[in-house]
$ cat final.cif   # mmCIF, C-alpha atoms and all ligand atoms
data_model
loop_
_atom_site.label_atom_id
_atom_site.label_comp_id
_atom_site.auth_asym_id
_atom_site.auth_seq_id
_atom_site.Cartn_x
_atom_site.Cartn_y
_atom_site.Cartn_z
CA MET A 1 -75.88 -47.88 -87.22
CA THR A 2 -76.63 -45.41 -84.41
CA VAL A 3 -76.41 -41.76 -85.44
CA LEU A 4 -76.77 -38.86 -83.04
CA ALA A 5 -80.02 -36.94 -83.44
CA ILE A 6 -78.06 -33.72 -83.89
CA ASN A 7 -76.57 -35.33 -87.02
CA GLY A 8 -79.92 -36.50 -88.37
CA GLY A 9 -80.38 -39.74 -86.40
CA THR A 10 -83.53 -40.75 -84.51
CA PRO A 11 -83.83 -39.03 -81.12
CA VAL A 12 -83.97 -41.29 -78.07
CA ARG A 13 -87.03 -39.41 -76.90
CA ASN A 14 -89.88 -37.86 -78.87
CA LYS A 15 -92.42 -37.42 -76.08
CA PRO A 16 -92.42 -34.36 -73.81
CA PHE A 17 -91.47 -34.68 -70.14
CA PRO A 18 -93.78 -33.52 -67.33
CA SER A 19 -94.20 -29.76 -67.30
CA TRP A 20 -94.09 -27.35 -64.38
CA PRO A 21 -95.93 -26.15 -62.31
CA GLN A 22 -98.47 -28.89 -61.59
CA TRP A 23 -101.83 -28.43 -59.89
CA GLY A 24 -105.26 -29.99 -59.47
CA ASN A 25 -108.59 -29.60 -57.70
CA ALA A 26 -106.98 -29.00 -54.30
CA GLU A 27 -105.26 -25.85 -55.57
CA LYS A 28 -108.41 -24.64 -57.37
CA LYS A 29 -110.45 -25.14 -54.20
CA ALA A 30 -107.87 -23.38 -52.01
CA LEU A 31 -107.78 -20.34 -54.31
CA GLY A 32 -111.58 -20.23 -54.60
CA THR A 33 -112.04 -20.41 -50.85
CA THR A 34 -109.57 -17.56 -50.36
CA LEU A 35 -111.35 -15.49 -52.99
CA ASP A 36 -114.68 -16.01 -51.28
CA SER A 37 -113.24 -15.20 -47.85
CA GLY A 38 -112.43 -11.62 -48.92
CA TYR A 39 -109.19 -11.85 -46.91
CA TRP A 40 -106.77 -11.49 -49.81
CA GLY A 41 -103.67 -9.78 -48.49
CA GLY A 42 -101.20 -10.34 -45.71
CA TYR A 43 -102.56 -7.42 -43.70
CA PRO A 44 -103.72 -7.32 -41.01
CA PRO A 45 -101.52 -10.11 -39.69
CA PRO A 46 -101.87 -12.82 -38.64
CA SER A 47 -103.45 -13.76 -41.95
CA PRO A 48 -105.03 -17.21 -41.58
CA GLN A 49 -103.61 -19.15 -44.55
CA ALA A 50 -100.12 -17.70 -44.05
CA CYS A 51 -100.17 -18.65 -40.37
CA GLU A 52 -101.16 -22.23 -41.13
CA PHE A 53 -98.58 -22.55 -43.86
CA GLU A 54 -95.81 -21.12 -41.68
CA GLN A 55 -96.53 -23.67 -38.97
CA GLU A 56 -96.71 -26.60 -41.39
CA PHE A 57 -93.52 -25.58 -43.17
CA ALA A 58 -91.56 -24.89 -39.97
CA ALA A 59 -92.58 -28.24 -38.44
CA TYR A 60 -91.53 -30.20 -41.53
CA HIS A 61 -88.16 -28.43 -41.60
CA ASP A 62 -87.53 -28.77 -37.83
CA SER A 63 -87.49 -25.02 -37.30
CA ASN A 64 -89.28 -23.28 -34.46
CA HIS A 65 -90.49 -20.38 -36.61
CA ALA A 66 -91.25 -19.55 -40.22
CA VAL A 67 -92.28 -16.20 -41.68
CA VAL A 68 -93.59 -15.82 -45.23
CA LEU A 69 -92.64 -12.82 -47.33
CA GLY A 70 -92.31 -11.56 -50.88
CA SER A 71 -89.47 -13.56 -52.45
CA GLY A 72 -86.34 -15.59 -51.82
CA THR A 73 -84.26 -12.46 -52.30
CA ASP A 74 -86.36 -10.70 -49.63
CA ALA A 75 -85.80 -13.68 -47.35
CA LEU A 76 -82.01 -13.55 -47.71
CA MET A 77 -81.83 -9.79 -47.35
CA VAL A 78 -84.17 -9.54 -44.36
CA ALA A 79 -82.30 -12.36 -42.61
CA LEU A 80 -78.99 -10.51 -42.95
CA ARG A 81 -80.53 -7.21 -42.00
CA VAL A 82 -82.28 -8.55 -38.91
CA ALA A 83 -79.09 -10.34 -37.85
CA GLY A 84 -77.47 -6.91 -37.74
CA ILE A 85 -75.15 -7.28 -40.72
CA GLY A 86 -74.30 -4.03 -42.49
CA TYR A 87 -71.56 -1.63 -43.53
CA GLY A 88 -68.03 -2.87 -43.01
CA ASP A 89 -69.10 -6.48 -42.49
CA GLU A 90 -68.06 -9.31 -44.77
CA VAL A 91 -70.31 -12.25 -45.64
CA ILE A 92 -68.84 -15.35 -47.30
CA VAL A 93 -70.89 -16.66 -50.22
CA PRO A 94 -70.19 -19.44 -52.74
CA ALA A 95 -68.99 -18.27 -56.13
CA LEU A 96 -71.38 -20.59 -57.99
CA THR A 97 -74.96 -19.58 -57.27
CA PHE A 98 -77.78 -17.28 -58.33
CA ILE A 99 -77.01 -13.56 -58.13
CA ALA A 100 -79.42 -13.07 -55.19
CA SER A 101 -77.13 -15.05 -52.84
CA ALA A 102 -74.55 -12.29 -53.28
CA SER A 103 -76.68 -9.24 -54.08
CA CYS A 104 -78.53 -9.62 -50.75
CA VAL A 105 -75.22 -8.91 -49.03
CA LEU A 106 -74.73 -5.72 -51.06
CA LEU A 107 -78.35 -4.74 -50.41
CA VAL A 108 -77.66 -4.53 -46.66
CA GLY A 109 -74.47 -2.52 -47.31
CA ALA A 110 -72.06 -5.37 -46.49
CA THR A 111 -69.37 -6.95 -48.66
CA PRO A 112 -69.75 -10.35 -50.33
CA VAL A 113 -66.56 -12.41 -50.19
CA PHE A 114 -66.54 -15.31 -52.61
CA ALA A 115 -65.45 -18.80 -51.57
CA ASP A 116 -64.88 -21.46 -54.18
CA VAL A 117 -67.06 -24.56 -54.44
CA ASP A 118 -66.21 -28.11 -53.44
CA PRO A 119 -65.70 -30.00 -56.72
CA THR A 120 -67.43 -33.08 -55.28
CA THR A 121 -70.72 -31.28 -54.54
CA TYR A 122 -70.55 -27.81 -56.19
CA CYS A 123 -71.59 -26.41 -52.78
CA ILE A 124 -69.40 -24.00 -50.81
CA LYS A 125 -65.91 -25.32 -50.04
CA THR A 126 -65.16 -25.47 -46.33
CA THR A 127 -61.37 -26.05 -46.10
CA GLY A 128 -58.34 -25.63 -48.36
CA PRO A 129 -57.47 -22.93 -50.91
CA GLY A 130 -60.33 -20.54 -51.65
CA SER A 131 -62.53 -22.11 -48.94
CA ILE A 132 -64.58 -20.56 -46.14
CA GLU A 133 -61.67 -21.11 -43.78
CA ASP A 134 -59.26 -19.52 -46.23
CA VAL A 135 -61.25 -16.35 -46.98
CA THR A 136 -62.34 -15.63 -43.40
CA THR A 137 -60.94 -12.33 -42.08
CA ASN A 138 -61.43 -10.32 -38.93
CA ARG A 139 -64.28 -8.52 -40.73
CA THR A 140 -66.21 -11.71 -41.49
CA ARG A 141 -69.62 -11.59 -39.80
CA GLY A 142 -71.55 -14.20 -41.72
CA ILE A 143 -71.60 -17.23 -44.01
CA LEU A 144 -74.28 -17.81 -46.62
CA PRO A 145 -74.07 -21.45 -47.78
CA VAL A 146 -76.27 -22.45 -50.72
CA HIS A 147 -77.70 -25.95 -51.11
CA LEU A 148 -77.15 -26.08 -54.86
CA GLY A 149 -78.99 -28.30 -57.33
CA SER A 150 -79.41 -31.58 -55.48
CA ARG A 151 -76.54 -31.41 -53.03
CA MET A 152 -76.37 -29.85 -49.56
CA ALA A 153 -73.64 -27.68 -48.14
CA ASN A 154 -71.71 -29.29 -45.29
CA MET A 155 -73.81 -27.78 -42.52
CA SER A 156 -72.08 -29.78 -39.76
CA TRP A 157 -68.75 -28.15 -40.53
CA ILE A 158 -70.31 -24.72 -41.08
CA GLU A 159 -72.25 -24.85 -37.80
CA ASP A 160 -69.09 -25.73 -35.84
CA PHE A 161 -66.98 -23.10 -37.55
CA ALA A 162 -69.65 -20.40 -37.13
CA ALA A 163 -70.02 -21.22 -33.44
CA LYS A 164 -66.25 -20.94 -32.90
CA LYS A 165 -66.01 -17.63 -34.76
CA ASP A 166 -69.37 -16.23 -33.63
CA LEU A 167 -70.72 -15.86 -37.16
CA VAL A 168 -74.26 -15.52 -38.46
CA VAL A 169 -75.26 -18.32 -40.87
CA VAL A 170 -78.00 -17.81 -43.45
CA GLU A 171 -78.74 -21.03 -45.37
CA ASP A 172 -79.93 -20.34 -48.90
CA CYS A 173 -82.47 -23.15 -49.34
CA ALA A 174 -83.99 -21.91 -52.62
CA HIS A 175 -83.11 -25.27 -54.24
CA MET A 176 -83.80 -27.58 -51.32
CA HIS A 177 -87.41 -27.45 -50.04
CA GLY A 178 -88.08 -30.50 -47.92
CA GLY A 179 -84.44 -31.57 -47.57
CA ALA A 180 -82.78 -32.57 -44.30
CA TRP A 181 -79.12 -32.63 -43.32
CA ASN A 182 -78.05 -34.98 -40.52
CA GLY A 183 -81.64 -35.61 -39.43
CA LYS A 184 -82.66 -31.92 -39.28
CA GLY A 185 -84.47 -29.94 -41.95
CA VAL A 186 -82.56 -27.50 -44.10
CA GLY A 187 -82.93 -23.96 -42.84
CA SER A 188 -82.78 -25.13 -39.21
CA HIS A 189 -78.98 -25.39 -39.00
CA GLY A 190 -78.04 -21.75 -39.36
CA THR A 191 -79.27 -18.57 -37.73
CA PHE A 192 -81.79 -18.35 -40.58
CA GLY A 193 -82.94 -20.37 -43.56
CA ALA A 194 -84.17 -18.57 -46.68
CA PHE A 195 -86.56 -20.20 -49.19
CA SER A 196 -87.91 -19.04 -52.55
CA PHE A 197 -91.31 -19.92 -54.05
CA GLN A 198 -90.54 -18.42 -57.45
CA SER A 199 -92.20 -20.23 -60.33
CA SER A 200 -89.43 -22.68 -61.24
CA LYS A 201 -88.87 -23.87 -57.67
CA LEU A 202 -89.80 -27.23 -56.09
CA LEU A 203 -92.55 -25.48 -54.17
CA THR A 204 -94.13 -22.49 -55.84
CA ALA A 205 -96.90 -19.93 -55.70
CA GLY A 206 -95.57 -18.11 -58.75
CA GLU A 207 -93.54 -15.89 -56.42
CA GLY A 208 -92.91 -15.74 -52.69
CA GLY A 209 -90.36 -16.46 -50.02
CA LEU A 210 -89.99 -17.63 -46.44
CA VAL A 211 -87.53 -17.29 -43.59
CA THR A 212 -87.00 -20.00 -40.96
CA THR A 213 -85.29 -19.51 -37.61
CA ASN A 214 -85.17 -21.15 -34.19
CA ASP A 215 -84.91 -17.79 -32.45
CA ALA A 216 -88.26 -16.28 -31.40
CA GLU A 217 -86.87 -12.76 -31.10
CA LEU A 218 -85.33 -12.83 -34.57
CA ALA A 219 -88.60 -14.19 -36.00
CA GLU A 220 -90.48 -11.25 -34.44
CA LYS A 221 -87.97 -8.81 -35.89
CA VAL A 222 -88.54 -10.30 -39.33
CA ARG A 223 -92.30 -9.86 -38.85
CA TYR A 224 -91.85 -6.18 -37.95
CA PHE A 225 -89.51 -5.53 -40.81
CA ILE A 226 -91.72 -7.01 -43.52
CA ASN A 227 -94.81 -5.24 -42.17
CA SER A 228 -93.61 -1.63 -42.59
CA GLY A 229 -91.91 -1.73 -39.21
CA ARG A 230 -95.09 -2.17 -37.20
CA LEU A 231 -94.20 -3.49 -33.79
CA GLY A 232 -97.12 -5.82 -33.27
CA PRO A 233 -99.54 -7.64 -35.55
CA GLN A 234 -102.38 -5.19 -34.89
CA ASP A 235 -100.26 -2.10 -34.34
CA THR A 236 -101.24 0.43 -37.00
CA ARG A 237 -99.56 3.56 -35.62
CA GLN A 238 -96.33 2.83 -33.82
CA HIS A 239 -93.83 2.45 -36.62
CA GLN A 240 -90.93 2.19 -34.21
CA SER A 241 -88.68 -0.01 -36.28
CA LEU A 242 -87.67 0.73 -39.84
CA GLY A 243 -89.34 -1.65 -42.23
CA TRP A 244 -90.43 -2.48 -45.75
CA SER A 245 -93.63 -3.90 -47.10
CA MET A 246 -92.98 -7.52 -48.08
CA ARG A 247 -96.14 -9.30 -47.01
CA MET A 248 -97.30 -12.41 -48.86
CA THR A 249 -100.87 -12.54 -50.15
CA GLU A 250 -103.36 -15.08 -48.84
CA PHE A 251 -103.72 -16.45 -52.37
CA GLN A 252 -100.04 -17.37 -52.37
CA ALA A 253 -100.22 -18.87 -48.89
CA ALA A 254 -103.33 -20.93 -49.70
CA LEU A 255 -101.73 -22.19 -52.91
CA LEU A 256 -98.52 -23.04 -51.07
CA ARG A 257 -100.40 -25.13 -48.50
CA SER A 258 -101.84 -27.33 -51.28
CA GLN A 259 -98.59 -27.40 -53.22
CA PHE A 260 -96.63 -28.32 -50.09
CA ARG A 261 -98.85 -31.37 -49.49
CA ARG A 262 -98.52 -32.30 -53.15
CA MET A 263 -94.74 -31.92 -52.97
CA ILE A 264 -94.31 -34.05 -49.84
CA ASN A 265 -96.81 -36.79 -50.62
CA ALA A 266 -96.83 -37.10 -54.39
CA GLN A 267 -93.84 -35.40 -56.01
CA ALA A 268 -90.78 -35.79 -53.77
CA PRO A 269 -90.91 -39.62 -53.52
CA ILE A 270 -91.15 -40.03 -57.31
CA ARG A 271 -88.61 -37.31 -58.05
CA GLU A 272 -85.99 -38.63 -55.66
CA HIS A 273 -86.56 -42.25 -56.75
CA ASN A 274 -86.02 -41.29 -60.39
CA LYS A 275 -82.97 -39.17 -59.58
CA ASP A 276 -81.48 -42.19 -57.75
CA LEU A 277 -82.24 -44.34 -60.77
CA LEU A 278 -80.38 -41.95 -63.05
CA HIS A 279 -77.50 -41.73 -60.59
CA THR A 280 -77.11 -45.52 -60.63
CA ARG A 281 -77.35 -45.72 -64.41
CA LEU A 282 -74.69 -43.04 -64.92
CA SER A 283 -72.25 -44.34 -62.35
CA ASP A 284 -70.18 -46.45 -64.76
CA LEU A 285 -70.20 -44.17 -67.75
CA ASP A 286 -66.77 -43.08 -68.98
CA GLY A 287 -66.23 -39.36 -69.20
CA ILE A 288 -69.09 -38.57 -66.82
CA GLU A 289 -68.54 -37.89 -63.14
CA LEU A 290 -71.26 -37.81 -60.51
CA LEU A 291 -71.53 -35.43 -57.61
CA LYS A 292 -71.06 -37.12 -54.25
CA ILE A 293 -74.13 -37.97 -52.16
CA ASP A 294 -73.24 -37.35 -48.52
CA LYS A 295 -74.68 -39.80 -45.98
CA ARG A 296 -75.71 -36.80 -43.90
CA GLU A 297 -78.23 -35.80 -46.59
CA THR A 298 -80.85 -37.69 -44.64
CA ARG A 299 -83.89 -36.47 -46.59
CA ARG A 300 -82.86 -35.74 -50.13
CA SER A 301 -84.47 -33.13 -52.30
CA GLY A 302 -83.30 -30.75 -54.99
CA TYR A 303 -84.08 -28.38 -57.75
CA ALA A 304 -82.01 -30.19 -60.37
CA TYR A 305 -79.90 -33.28 -60.95
CA ILE A 306 -76.40 -32.09 -61.83
CA PHE A 307 -73.59 -34.24 -63.20
CA LYS A 308 -70.17 -33.45 -64.62
CA TYR A 309 -69.24 -33.78 -68.27
CA LEU A 310 -65.47 -34.17 -68.26
CA GLU A 311 -64.41 -32.07 -71.23
CA SER A 312 -60.77 -33.05 -70.65
CA MET A 313 -61.64 -36.70 -71.38
CA HIS A 314 -63.41 -35.80 -74.60
CA ALA A 315 -60.81 -33.66 -76.36
CA GLY A 316 -62.38 -31.52 -79.02
CA VAL A 317 -65.99 -31.76 -77.81
CA SER A 318 -67.06 -28.90 -75.61
CA LEU A 319 -69.69 -28.92 -72.88
CA HIS A 320 -71.80 -26.71 -75.15
CA GLN A 321 -71.68 -29.30 -77.97
CA PHE A 322 -72.51 -32.09 -75.53
CA ILE A 323 -75.53 -30.16 -74.25
CA GLN A 324 -76.74 -29.42 -77.77
CA ALA A 325 -76.45 -33.09 -78.69
CA LEU A 326 -78.33 -34.16 -75.55
CA CYS A 327 -81.11 -31.63 -76.20
CA ALA A 328 -81.39 -32.96 -79.77
CA GLU A 329 -82.00 -36.44 -78.29
CA GLY A 330 -85.10 -34.94 -76.63
CA ILE A 331 -83.62 -34.38 -73.15
CA PRO A 332 -84.17 -30.90 -71.70
CA CYS A 333 -80.94 -29.87 -69.98
CA SER A 334 -78.64 -26.89 -69.56
CA GLY A 335 -74.94 -26.25 -69.10
CA SER A 336 -75.19 -22.55 -68.46
CA VAL A 337 -77.46 -22.07 -65.46
CA TYR A 338 -75.02 -20.00 -63.40
CA GLU A 339 -71.72 -18.26 -64.04
CA PRO A 340 -69.45 -17.50 -61.10
CA VAL A 341 -71.31 -14.53 -59.60
CA TYR A 342 -68.34 -12.18 -59.91
CA ARG A 343 -68.43 -12.74 -63.69
CA CYS A 344 -72.19 -12.46 -64.05
CA GLU A 345 -73.70 -9.54 -65.96
CA LEU A 346 -76.16 -9.07 -63.09
CA PHE A 347 -73.15 -8.25 -60.90
CA PRO A 348 -71.93 -5.15 -62.76
CA LEU A 349 -68.72 -3.46 -61.66
CA ASP A 350 -67.56 0.14 -61.88
CA ASP A 351 -64.16 0.97 -63.35
CA THR A 352 -62.42 0.30 -60.02
CA GLY A 353 -63.79 -3.27 -59.91
CA ALA A 354 -66.26 -2.46 -57.10
CA PRO A 355 -69.96 -3.32 -57.52
CA LEU A 356 -71.72 -0.55 -59.45
CA TYR A 357 -73.37 2.16 -57.33
CA GLN A 358 -71.78 0.85 -54.11
CA LYS A 359 -69.64 3.93 -53.55
CA HIS A 360 -68.55 2.85 -50.09
CA LEU A 361 -66.84 -0.19 -51.63
CA SER A 362 -64.91 1.75 -54.27
CA GLY A 363 -61.22 1.26 -53.49
CA GLU A 364 -62.11 -1.36 -50.86
CA VAL A 365 -62.71 -4.33 -53.17
CA ASP A 366 -61.78 -5.26 -56.71
CA TYR A 367 -63.82 -8.19 -57.99
CA ARG A 368 -61.84 -8.25 -61.24
CA ASP A 369 -59.08 -10.00 -59.27
CA ILE A 370 -61.27 -12.79 -57.95
CA HIS A 371 -60.58 -16.27 -59.24
CA CYS A 372 -62.40 -19.38 -58.00
CA PRO A 373 -61.07 -22.16 -60.25
CA GLU A 374 -63.55 -24.88 -59.27
CA ALA A 375 -66.57 -22.63 -59.80
CA GLU A 376 -65.14 -21.46 -63.11
CA ARG A 377 -64.51 -25.00 -64.31
CA ALA A 378 -67.97 -26.15 -63.20
CA ALA A 379 -69.74 -23.32 -65.00
CA GLY A 380 -67.43 -23.11 -68.00
CA SER A 381 -66.90 -26.68 -69.09
CA GLU A 382 -68.42 -29.22 -66.75
CA ASN A 383 -71.87 -28.85 -65.19
CA VAL A 384 -74.95 -30.42 -66.78
CA TRP A 385 -78.30 -29.58 -65.15
CA ILE A 386 -81.52 -31.55 -65.56
CA PHE A 387 -84.40 -29.83 -63.80
CA HIS A 388 -86.65 -31.42 -61.20
CA GLU A 389 -89.93 -31.64 -63.12
CA VAL A 390 -88.33 -34.00 -65.64
CA PHE A 391 -88.14 -36.60 -62.85
CA LEU A 392 -91.83 -36.47 -61.99
CA GLY A 393 -92.93 -39.00 -64.61
CA ALA A 394 -92.58 -42.73 -65.02
CA GLU A 395 -89.31 -44.64 -64.54
CA GLN A 396 -89.16 -45.03 -68.32
CA ASP A 397 -88.72 -41.25 -68.66
CA THR A 398 -85.60 -41.43 -66.53
CA LEU A 399 -84.34 -44.49 -68.40
CA ASP A 400 -84.72 -42.46 -71.61
CA ILE A 401 -82.54 -39.74 -70.07
CA ALA A 402 -79.90 -42.31 -69.14
CA ASP A 403 -80.05 -43.90 -72.60
CA ALA A 404 -79.65 -40.51 -74.26
CA ILE A 405 -76.66 -39.54 -72.13
CA GLU A 406 -75.06 -42.92 -72.85
CA LYS A 407 -75.74 -42.56 -76.56
CA VAL A 408 -74.17 -39.11 -76.76
CA VAL A 409 -71.16 -40.03 -74.62
CA THR A 410 -70.43 -43.13 -76.66
CA HIS A 411 -70.82 -41.32 -80.00
CA LEU A 412 -68.84 -38.17 -79.30
CA ASP A 413 -66.63 -38.94 -82.28
CA GLU A 414 -69.51 -37.85 -84.48
CA LEU A 415 -69.38 -34.41 -82.89
CA ARG A 416 -65.64 -34.19 -83.30
CA SER A 417 -65.79 -34.82 -87.03
C1 LIG B 1 -80.01 -20.14 -55.09
C2 LIG B 1 -81.06 -19.06 -55.13
N1 LIG B 1 -81.09 -18.15 -54.14
C3 LIG B 1 -82.00 -17.17 -54.13
C4 LIG B 1 -82.95 -17.05 -55.12
C5 LIG B 1 -83.89 -15.88 -55.10
O1 LIG B 1 -85.22 -16.21 -55.06
P1 LIG B 1 -86.35 -15.23 -55.66
O2 LIG B 1 -86.29 -15.34 -57.15
O3 LIG B 1 -87.63 -15.76 -55.10
O4 LIG B 1 -86.04 -13.87 -55.19
C6 LIG B 1 -82.97 -17.98 -56.15
C7 LIG B 1 -83.99 -17.87 -57.22
O5 LIG B 1 -83.85 -18.20 -58.35
C8 LIG B 1 -81.98 -19.01 -56.18
O6 LIG B 1 -81.95 -19.91 -57.17
#
$ encode --input "final.cif" --output "structure tokens" --more "lines below"
Ligand SMILES: Cc1ncc(COP(=O)(O)O)c(C=O)c1O
Amino acid sequence: MTVLAINGGTPVRNKPFPSWPQWGNAEKKALGTTLDSGYWGGYPPPSPQACEFEQEFAAYHDSNHAVVLGSGTDALMVALRVAGIGYGDEVIVPALTFIASASCVLLVGATPVFADVDPTTYCIKTTGPGSIEDVTTNRTRGILPVHLGSRMANMSWIEDFAAKKDLVVVEDCAHMHGGAWNGKGVGSHGTFGAFSFQSSKLLTAGEGGLVTTNDAELAEKVRYFINSGRLGPQDTRQHQSLGWSMRMTEFQAALLRSQFRRMINAQAPIREHNKDLLHTRLSDLDGIELLKIDKRETRRSGYAYIFKYLESMHAGVSLHQFIQALCAEGIPCSGSVYEPVYRCELFPLDDTGAPLYQKHLSGEVDYRDIHCPEAERAAGSENVWIFHEVFLGAEQDTLDIADAIEKVVTHLDELRS
């Protein structure tokens, strides 16, 4: 008789899954060559490895320009700042995402306005109650869609809407390196794309970030801003534009060049094949619902495979119990990656419900009143995340994941008792 591992049965899987990050001789050589070159930092620009990487990354993502910088958060914030968004402006962000997608708006002095997520993709909802359309006001200046997990925001709709309303669009691509929507790379649809190279991401140098844009003038402004406001690459005196110091090191850029080739040629094909395999295996399982794959996701990618555990169909067994049981079967997964941002402890509020230390918003906004039901359901009782590195092994690894999910779903009675 089959017994769940959490109740003492034999786990479906005893072997570990592939770990992250992954590297080899190419990365060692790239770092050694940079060390020996003595050119270690991002100053003076143009730094050679960063320049090469920017061009390779921009070309693959169908963007005219790419600029490397310190982190994904830097990328989001600089994009908003350079687009001229500031005090009094509203930027629409999805409720279900990492804190940085909303804190970047506060960091430029503007106001994040939360839109709910589309229950079929968990990406920002475009129409209907709580959607982009619904929360747009005459103070809206921008939209910040996030390509979450493995699904892409509906960039076709967002591009049209932004053009009609004259809005800035910053695509948060921290989960979607290499992806393409409707034949064009992510990050090339909006005014800016923002990428993160933080250590858990699909493409990593430990830390780092990058901005894409098709607008040469905006790209130059980003370069000034991240280089202490210097107006030209070699300009050491004329700090004529306000700026911060967010340059990427040459070690990061050299590592990213090797990792990018590894991602495109070796990792992405295996990862996406295995994610498809899991998707097919789960499609008939009762009590599990899959997120929709849009035909316009023409080059798929993604930081995680997410599916829905339908708590309502399994009365008495919570998402948390399901996750614990799946982990006990040897499958690394999580049900608590993000909370709705307005409920997150990294989004602290003062006693008027305004974000802490944002005095100009006191009395203007009250985030205690915000309610995005789809995001709350996803985070509270539904979403199951399996991270990308787990899909980098053999097909059998993915079949083990599918077997484990099937085992837990078909033996939920054991958890109930
Ligand atoms: C969706 C999303 N946006 C932005 C970021 C910020 O990236 P970074 O950690 O490089 O600042 C992250 C990082 O976790 C993220 O997941």
$ residues_around --input "final.cif" --residues "region 21-24 of chain A" --least-positions-apart "2" --cutoff "9 Å" --atoms "only C-alpha atoms" --output "VMD selection string"
chain A and resid 18 to 19 26 to 29 199 to 204 206 258 to 259 262 389
$ residues_around --input "final.cif" --residues "region 37-44 of chain A" --least-positions-apart "4" --cutoff "6 Å" --atoms "all atoms listed in the file" --output "ChimeraX atom specification"
/A:247-250
$ residues_near_ligand --input "final.cif" --ligand "ligand LIG 1 (chain B)" --cutoff "6 Å" --atoms "only C-alpha atoms and all ligand atoms" --output "CSV table (one decimal) with C-alpha atoms, keeping the file's coordinate frame"
chain,number,residue,atom,x,y,z
A,71,SER,CA,-89.5,-13.6,-52.4
A,72,GLY,CA,-86.3,-15.6,-51.8
A,73,THR,CA,-84.3,-12.5,-52.3
A,97,THR,CA,-75.0,-19.6,-57.3
A,98,PHE,CA,-77.8,-17.3,-58.3
A,100,ALA,CA,-79.4,-13.1,-55.2
A,101,SER,CA,-77.1,-15.0,-52.8
A,172,ASP,CA,-79.9,-20.3,-48.9
A,174,ALA,CA,-84.0,-21.9,-52.6
A,196,SER,CA,-87.9,-19.0,-52.6
A,197,PHE,CA,-91.3,-19.9,-54.0
A,198,GLN,CA,-90.5,-18.4,-57.4
A,208,GLY,CA,-92.9,-15.7,-52.7
A,209,GLY,CA,-90.4,-16.5,-50.0
$ residues_around --input "final.cif" --residues "Gly393 (chain A)" --least-positions-apart "6" --cutoff "9 Å" --atoms "only C-alpha atoms" --output "VMD selection string"
chain A and resid 17 to 18 270 to 271 274
$ closest_residue --input "final.cif" --among "A:Ala30, A:Ala325, A:Ala153, A:Ile306" --to "Leu415 (chain A)" --atoms "only C-alpha atoms"
A:Ala325
$ closest_residue --input "final.cif" --among "A:Lys15, A:Lys125, A:His273, A:Arg257" --to "Pro332 (chain A)" --atoms "all atoms listed in the file"
A:Lys15
$ closest_residue --input "final.cif" --among "A:Asp286, A:Glu374, A:Glu364, A:Asp89" --to "Pro129 (chain A)" --atoms "all atoms listed in the file"
A:Glu374
$ residues_around --input "final.cif" --residues "Ser362 (chain A)" --least-positions-apart "4" --cutoff "12 Å" --atoms "all atoms listed in the file" --output "PyMOL selection string"
chain A and resi 111+349-358+366-367
$ closest_residue --input "final.cif" --among "A:Phe161, A:Trp20, A:Tyr122, A:Phe347" --to "Leu148 (chain A)" --atoms "only C-alpha atoms"
A:Tyr122
$ atom_distance --input "final.cif" --atom1 "CA of Asp215 (chain A)" --atom2 "CA of Ala194 (chain A)"
14.3 Å
$ closest_residue --input "final.cif" --among "A:Asp36, A:Glu52, A:Glu297, A:Asp116" --to "Phe260 (chain A)" --atoms "all atoms listed in the file"
A:Glu52
$ atom_distance --input "final.cif" --atom1 "CA of Glu217 (chain A)" --atom2 "CA of Pro45 (chain A)"
17.2 Å
$ atom_distance --input "final.cif" --atom1 "CA of Ala219 (chain A)" --atom2 "CA of Met77 (chain A)"
13.9 Å
$ closest_residue --input "final.cif" --among "A:Ser156, A:Thr398, A:Ser131, A:Ser47" --to "Leu278 (chain A)" --atoms "only C-alpha atoms"
A:Thr398
$ residues_around --input "final.cif" --residues "Pro112 (chain A)" --least-positions-apart "5" --cutoff "10 Å" --atoms "only C-alpha atoms" --output "list in words"
Asp89, Glu90, Val91, Ile92, Val93, Pro94, Ala95, Ser101, Ala102, Ser103, Cys104, Val105, Leu106, Thr140, Gly142, Ile143, Leu144, Tyr342, Val365 and Tyr367 of chain A
$ build_atoms --input "final.cif" --residues "region 13-18 of chain A" --atoms "N, CA and C atoms" --output "mmCIF file, in the frame of the given file"
data_model
loop_
_atom_site.group_PDB
_atom_site.id
_atom_site.type_symbol
_atom_site.label_atom_id
_atom_site.label_comp_id
_atom_site.auth_asym_id
_atom_site.auth_seq_id
_atom_site.Cartn_x
_atom_site.Cartn_y
_atom_site.Cartn_z
ATOM 1 N N ARG A 13 -85.756 -39.770 -77.516
ATOM 2 C CA ARG A 13 -87.030 -39.410 -76.900
ATOM 3 C C ARG A 13 -87.785 -38.414 -77.781
ATOM 4 N N ASN A 14 -89.042 -38.770 -78.082
ATOM 5 C CA ASN A 14 -89.880 -37.860 -78.870
ATOM 6 C C ASN A 14 -90.983 -37.235 -78.041
ATOM 7 N N LYS A 15 -91.295 -37.899 -76.904
ATOM 8 C CA LYS A 15 -92.420 -37.420 -76.080
ATOM 9 C C LYS A 15 -91.942 -36.304 -75.141
ATOM 10 N N PRO A 16 -92.834 -35.370 -74.793
ATOM 11 C CA PRO A 16 -92.420 -34.360 -73.810
ATOM 12 C C PRO A 16 -92.312 -34.950 -72.399
ATOM 13 N N PHE A 17 -91.558 -34.310 -71.559
ATOM 14 C CA PHE A 17 -91.470 -34.680 -70.140
ATOM 15 C C PHE A 17 -92.541 -33.901 -69.371
ATOM 16 N N PRO A 18 -92.795 -34.281 -68.117
ATOM 17 C CA PRO A 18 -93.780 -33.520 -67.330
ATOM 18 C C PRO A 18 -93.425 -32.026 -67.296
#
